[in-house]
$ cat work-v4.cif   # mmCIF, C-alpha atoms
data_upload
loop_
_atom_site.label_atom_id
_atom_site.label_comp_id
_atom_site.auth_asym_id
_atom_site.auth_seq_id
_atom_site.Cartn_x
_atom_site.Cartn_y
_atom_site.Cartn_z
CA MET A 108 0.00 0.00 0.00
CA THR A 109 1.41 3.42 -0.93
CA SER A 110 2.05 6.14 1.62
CA LEU A 111 -0.80 8.23 0.19
CA ALA A 112 -3.18 5.27 0.29
CA THR A 113 -2.21 4.58 3.90
CA GLN A 114 -2.93 8.18 4.85
CA LEU A 115 -6.31 8.13 3.12
CA GLN A 116 -7.21 4.90 4.90
CA ALA A 117 -6.21 6.47 8.22
CA VAL A 118 -8.46 9.45 7.59
CA ALA A 119 -11.37 7.22 6.63
CA SER A 120 -11.07 5.13 9.79
CA ALA A 121 -10.56 8.10 12.13
CA ALA A 122 -13.27 10.40 10.82
CA PRO A 123 -16.35 8.36 11.76
CA ARG A 124 -15.41 8.38 15.45
CA GLU A 125 -15.14 12.17 15.52
CA GLU A 126 -18.36 12.53 13.54
CA ARG A 127 -20.26 10.31 15.95
CA LEU A 128 -18.97 12.32 18.89
CA LYS A 129 -19.78 15.56 17.04
CA GLY A 130 -16.58 17.17 18.17
CA LYS A 131 -12.94 17.66 17.29
CA ALA A 132 -9.98 15.71 18.59
CA SER A 133 -8.36 17.62 21.44
CA LEU A 134 -5.97 17.16 24.36
CA LEU A 135 -6.91 20.37 26.16
CA TYR A 136 -10.67 20.48 25.68
CA GLU A 137 -13.64 18.18 25.63
CA LEU A 138 -14.40 17.09 22.07
CA ARG A 139 -17.62 19.05 21.77
CA GLU A 140 -16.06 22.13 23.35
CA ALA A 141 -13.15 21.88 20.90
CA ALA A 142 -15.58 21.95 17.97
CA ASP A 143 -16.50 25.53 18.90
CA ILE A 144 -12.87 26.71 18.94
CA ASP A 145 -11.57 27.84 15.57
CA LEU A 146 -8.19 27.04 14.06
CA ALA A 147 -6.87 30.58 14.58
CA THR A 148 -7.42 30.26 18.33
CA ILE A 149 -5.85 26.81 18.45
CA TYR A 150 -2.88 28.16 16.49
CA ALA A 151 -2.43 30.97 19.03
CA VAL A 152 -2.46 28.40 21.82
CA GLY A 153 0.12 26.29 19.98
CA VAL A 154 2.43 29.25 19.35
CA GLN A 155 2.22 30.21 23.02
CA GLY A 156 3.26 26.72 24.04
CA PHE A 157 6.01 26.62 21.44
CA THR A 158 7.40 29.96 22.63
CA GLU A 159 7.47 28.64 26.18
CA LEU A 160 9.33 25.52 25.08
CA CYS A 161 11.88 27.58 23.16
CA ARG A 162 12.65 29.46 26.36
CA LEU A 163 13.37 26.14 28.06
CA ASP A 164 15.36 24.61 25.21
CA GLY A 165 16.67 26.59 22.26
CA ARG A 166 16.75 23.48 20.07
CA PHE A 167 13.01 23.80 19.57
CA GLU A 168 13.55 26.93 17.46
CA THR A 169 14.58 24.68 14.57
CA TYR A 170 10.94 23.67 14.15
CA GLN A 171 9.38 27.12 14.09
CA ARG A 172 9.20 27.56 10.33
CA GLY A 173 8.09 24.06 9.43
CA LEU A 174 5.55 23.50 12.20
CA PHE A 175 4.56 26.72 13.96
CA SER A 176 4.82 29.47 11.36
CA ARG A 177 1.79 31.27 9.96
CA GLN A 178 2.35 29.45 6.67
CA ALA A 179 2.31 26.09 8.45
CA SER A 180 -0.97 27.01 10.13
CA GLU A 181 -2.53 27.78 6.76
CA THR A 182 -1.38 24.58 5.04
CA ASN A 183 -3.64 21.54 4.85
CA ARG A 184 -1.39 18.50 4.58
CA GLU A 185 -4.20 16.41 3.11
CA LEU A 186 -4.11 18.60 0.00
CA GLN A 187 -0.33 18.31 -0.43
CA ASP A 188 1.70 15.75 -2.34
CA ARG A 189 3.75 12.85 -1.04
CA GLU A 190 7.02 14.81 -1.06
CA PHE A 191 5.55 17.57 1.10
CA ASN A 192 4.17 15.07 3.61
CA ALA A 193 7.45 13.15 3.76
CA LYS A 194 9.29 16.36 4.68
CA LEU A 195 6.61 17.26 7.21
CA ASP A 196 6.88 13.81 8.80
CA LEU A 197 10.65 14.28 9.20
CA GLN A 198 10.08 17.61 10.93
CA LEU A 199 7.48 16.11 13.22
CA ASP A 200 9.69 13.13 14.04
CA GLY A 201 12.52 15.39 15.16
CA PHE A 202 10.16 17.60 17.12
CA PHE A 203 8.57 14.65 18.95
CA LYS A 204 11.95 13.20 19.92
CA LEU A 205 12.86 16.49 21.56
CA LEU A 206 9.39 17.04 23.01
CA SER A 207 9.43 13.71 24.83
CA GLY A 208 11.53 15.23 27.58
CA TYR A 209 8.83 17.85 28.14
CA PHE A 210 5.65 15.91 27.42
CA ALA A 211 4.24 16.37 30.92
CA SER A 212 4.35 20.16 30.65
CA VAL A 213 1.41 22.40 29.79
CA SER A 214 3.55 23.95 27.07
CA ALA A 215 3.86 20.58 25.33
CA ALA A 216 0.11 20.04 25.53
CA LYS A 217 -0.49 23.41 23.87
CA CYS A 218 1.83 22.48 21.00
CA LEU A 219 0.22 19.09 20.57
CA GLU A 220 -3.22 20.68 20.55
CA PHE A 221 -2.29 22.67 17.47
CA LEU A 222 -0.52 19.75 15.77
CA ILE A 223 -3.56 17.54 16.32
CA ARG A 224 -5.90 20.11 14.83
CA ARG A 225 -3.76 21.27 11.89
CA MET A 226 -1.38 18.38 11.14
CA LYS A 227 -3.68 15.55 12.27
CA ILE A 228 -0.81 13.85 14.07
CA HIS A 229 -3.25 11.52 15.84
CA VAL A 230 -4.04 10.08 12.39
CA PHE A 231 -0.85 10.38 10.36
CA ASN A 232 1.94 10.32 13.00
CA VAL A 233 0.60 7.95 15.62
CA GLU A 234 3.78 5.94 16.14
CA GLN A 235 5.96 9.02 16.59
CA VAL A 236 3.66 10.86 18.97
CA VAL A 237 2.88 7.79 21.09
CA THR A 238 6.61 7.08 21.29
CA CYS A 239 7.06 10.65 22.51
CA ALA A 240 4.43 10.14 25.22
CA LEU A 241 5.12 6.55 26.30
CA PRO A 242 7.54 7.47 29.13
CA TYR A 243 4.53 9.13 30.75
CA HIS A 244 2.25 6.10 30.32
CA ALA A 245 0.79 6.44 33.82
CA THR A 246 -0.51 9.98 33.25
CA PRO A 247 -3.99 11.13 32.19
CA GLU A 248 -2.36 13.03 29.32
CA PHE A 249 -0.97 9.82 27.85
CA VAL A 250 -4.32 8.07 28.15
CA LYS A 251 -6.14 10.91 26.44
CA LEU A 252 -3.60 10.96 23.60
CA VAL A 253 -4.03 7.22 23.06
CA GLN A 254 -7.80 7.60 23.05
CA LEU A 255 -7.52 10.18 20.28
CA ALA A 256 -5.07 8.16 18.21
CA ASN A 257 -5.95 5.87 15.33
CA LEU A 258 -4.04 2.78 16.47
CA THR A 259 -5.08 0.56 13.56
CA ASN A 260 -2.12 -0.84 11.60
CA THR A 261 0.44 0.74 13.95
CA SER A 262 2.99 -0.79 16.31
CA PHE A 263 0.80 0.35 19.20
CA TYR A 264 -2.33 -1.57 18.19
CA TRP A 265 -2.08 -3.41 21.53
CA LEU A 266 -2.93 -0.18 23.38
CA GLN A 267 -6.51 -0.52 22.18
CA GLY A 268 -7.43 -1.61 25.69
CA VAL A 269 -6.24 1.75 27.02
CA LYS A 270 -8.32 3.47 24.38
CA ASP A 271 -11.42 1.47 25.31
CA THR A 272 -11.16 1.57 29.11
CA GLY A 273 -9.35 4.84 29.81
CA ALA A 274 -7.04 2.98 32.20
CA ALA A 275 -3.32 3.76 32.03
CA PRO A 276 -1.08 0.76 31.26
CA PRO A 277 1.12 -0.21 34.26
CA ARG A 278 4.86 -0.49 33.81
CA ASN A 279 4.83 -4.25 34.31
CA ALA A 280 2.51 -4.57 31.31
CA LEU A 281 5.04 -2.71 29.16
CA VAL A 282 7.87 -4.88 30.49
CA ALA A 283 5.85 -8.01 29.67
CA ARG A 284 5.29 -6.63 26.18
CA CYS A 285 9.06 -6.33 25.74
CA ARG A 286 9.51 -9.95 26.77
CA HIS A 287 6.92 -11.39 24.43
CA ASP A 288 6.94 -9.00 21.47
CA ALA A 289 10.25 -8.91 19.62
CA ALA A 290 9.10 -6.02 17.43
CA PHE A 291 8.24 -3.90 20.47
CA LEU A 292 11.54 -4.77 22.16
CA SER A 293 13.38 -3.69 19.01
CA PHE A 294 11.39 -0.47 18.98
CA VAL A 295 12.28 0.23 22.64
CA CYS A 296 15.97 -0.32 21.96
CA GLU A 297 15.86 2.05 18.99
CA ALA A 298 13.98 4.64 21.04
CA ALA A 299 16.56 4.36 23.83
CA ALA A 300 19.39 4.96 21.34
CA ALA A 301 17.59 7.98 19.85
CA ALA A 302 16.81 9.43 23.27
CA ALA A 303 20.43 9.08 24.33
CA SER A 304 21.75 10.87 21.25
CA ASN A 305 22.39 14.59 21.05
CA LYS A 306 19.15 14.98 19.12
CA GLY A 307 17.15 12.91 21.53
CA SER A 308 15.09 13.60 24.60
CA PRO A 309 16.54 14.72 27.92
CA GLY A 310 15.70 13.48 31.40
CA ALA A 311 12.93 11.02 32.15
CA ALA A 312 12.29 10.00 28.56
CA SER A 313 15.86 8.82 28.01
CA ALA A 314 15.92 6.93 31.31
CA PHE A 315 12.55 5.29 30.62
CA TYR A 316 13.56 3.69 27.35
CA ALA A 317 16.96 2.69 28.71
CA VAL A 318 15.56 0.70 31.64
CA LEU A 319 12.17 -0.49 30.34
CA PRO A 320 13.42 -3.87 29.02
CA ALA A 321 14.91 -4.68 32.45
CA PRO A 322 12.33 -6.09 34.91
CA ARG A 323 12.30 -4.81 38.48
#

$ encode --input "work-v4.cif" --output "structure tokens"
Amino acid sequence: MTSLATQLQAVASAAPREERLKGKASLLYELREAADIDLATIYAVGVQGFTELCRLDGRFETYQRGLFSRQASETNRELQDREFNAKLDLQLDGFFKLLSGYFASVSAAKCLEFLIRRMKIHVFNVEQVVTCALPYHATPEFVKLVQLANLTNTSFYWLQGVKDTGAAPPRNALVARCRHDAAFLSFVCEAAAAAASNKGSPGAASAFYAVLPAPR
């Protein structure tokens, strides 16, 4: 299946859920409340969060033009070609790796709110954004992100239970997944290497992926 076909399939499977709920996907607001908030307002919220993150870590500034500029806010990725989306995905991947160290902050939630609304990351970039959030698996923010995400045909399909019940997955469940799922273990090792690199995530995120495969 081509990349474009995969994206179209993701949209088709995600849209009915939002339509039934008569709202818009959102981390900060209830779905129906979010439906009454326009894109310009969500963009302002995202820029505020991004500015706050840049004050904490200057490396975020790299992503201003591609993700948080006025032009980015006015661009609908679903109307763009494969090359555009490939470049956007690379930008988002780098941003999420850095954001993982700050996922628990309000500033991060503001940024993600805009990226969900404008870039539809909960449809097109599920693996990257869930990877970003996984070190915070016990938090309500992680659960809400998973509930928004289209997990079908992703490496995180097994989080469907979290999506259905709203219960955060305990650490021992993730450790067990590493033991019995070679693909997930490989993913964790790759995430640990990325988090430990200069371009990776600081703090808790790096430590989480480094120790997750080791049972306590």

$ residues_around --input "work-v4.cif" --residues "Gly153 (chain A)" --least-positions-apart "6" --cutoff "7 Å" --atoms "only C-alpha atoms" --output "ChimeraX atom specification"
/A:217-218,220-221

$ resolve_selection --input "work-v4.cif" --expression "the PyMOL selection byres ((chain A and resi 176-191) around 9)" --output "number ranges by chain"
A: 110-111, 114-115, 146-147, 150, 154, 170-175, 192-196, 221, 225-227

$ resolve_selection --input "work-v4.cif" --expression "the PyMOL selection byres ((chain A and resi 266-278) around 12)" --output "compact mmCIF listing (two decimals) with C-alpha atoms, in the frame of the given file"
# COMPACT_ATOMS: atom_id res chain seq x y z
CA VAL A 233 0.60 7.95 15.62
CA GLU A 234 3.78 5.94 16.14
CA VAL A 237 2.88 7.79 21.09
CA LEU A 241 5.12 6.55 26.30
CA PRO A 242 7.54 7.47 29.13
CA TYR A 243 4.53 9.13 30.75
CA HIS A 244 2.25 6.10 30.32
CA ALA A 245 0.79 6.44 33.82
CA THR A 246 -0.51 9.98 33.25
CA PRO A 247 -3.99 11.13 32.19
CA GLU A 248 -2.36 13.03 29.32
CA PHE A 249 -0.97 9.82 27.85
CA VAL A 250 -4.32 8.07 28.15
CA LYS A 251 -6.14 10.91 26.44
CA LEU A 252 -3.60 10.96 23.60
CA VAL A 253 -4.03 7.22 23.06
CA GLN A 254 -7.80 7.60 23.05
CA LEU A 255 -7.52 10.18 20.28
CA ALA A 256 -5.07 8.16 18.21
CA ASN A 257 -5.95 5.87 15.33
CA LEU A 258 -4.04 2.78 16.47
CA THR A 259 -5.08 0.56 13.56
CA ASN A 260 -2.12 -0.84 11.60
CA THR A 261 0.44 0.74 13.95
CA SER A 262 2.99 -0.79 16.31
CA PHE A 263 0.80 0.35 19.20
CA TYR A 264 -2.33 -1.57 18.19
CA TRP A 265 -2.08 -3.41 21.53
CA ASN A 279 4.83 -4.25 34.31
CA ALA A 280 2.51 -4.57 31.31
CA LEU A 281 5.04 -2.71 29.16
CA VAL A 282 7.87 -4.88 30.49
CA ALA A 283 5.85 -8.01 29.67
CA ARG A 284 5.29 -6.63 26.18
CA CYS A 285 9.06 -6.33 25.74
CA PHE A 315 12.55 5.29 30.62
CA TYR A 316 13.56 3.69 27.35
CA VAL A 318 15.56 0.70 31.64
CA LEU A 319 12.17 -0.49 30.34
CA PRO A 320 13.42 -3.87 29.02
CA ALA A 321 14.91 -4.68 32.45
CA PRO A 322 12.33 -6.09 34.91
CA ARG A 323 12.30 -4.81 38.48

$ atom_distance --input "work-v4.cif" --atom1 "CA of Arg162 (chain A)" --atom2 "CA of Phe202 (chain A)"
15.2 Å

$ atom_distance --input "work-v4.cif" --atom1 "CA of Ser293 (chain A)" --atom2 "CA of Phe210 (chain A)"
22.7 Å

$ residues_around --input "work-v4.cif" --residues "Phe294 (chain A)" --least-positions-apart "4" --cutoff "10 Å" --atoms "all atoms listed in the file" --output "list in words"
Thr238, Ser262, Cys285, Asp288, Ala289, Ala290, Ala298, Ala299, Ala300 and Tyr316 of chain A

$ closest_residue --input "work-v4.cif" --among "A:Gly208, A:Thr169, A:Arg224, A:Ser214" --to "Thr148 (chain A)" --atoms "all atoms listed in the file"
A:Arg224

$ atom_distance --input "work-v4.cif" --atom1 "CA of Cys296 (chain A)" --atom2 "CA of Ser207 (chain A)"
15.7 Å

$ closest_residue --input "work-v4.cif" --among "A:Val230, A:Leu135, A:Ala142, A:Ala301" --to "Ala216 (chain A)" --atoms "only C-alpha atoms"
A:Leu135

$ closest_residue --input "work-v4.cif" --among "A:Leu163, A:Ile223, A:Leu206, A:Leu138" --to "Ala240 (chain A)" --atoms "only C-alpha atoms"
A:Leu206
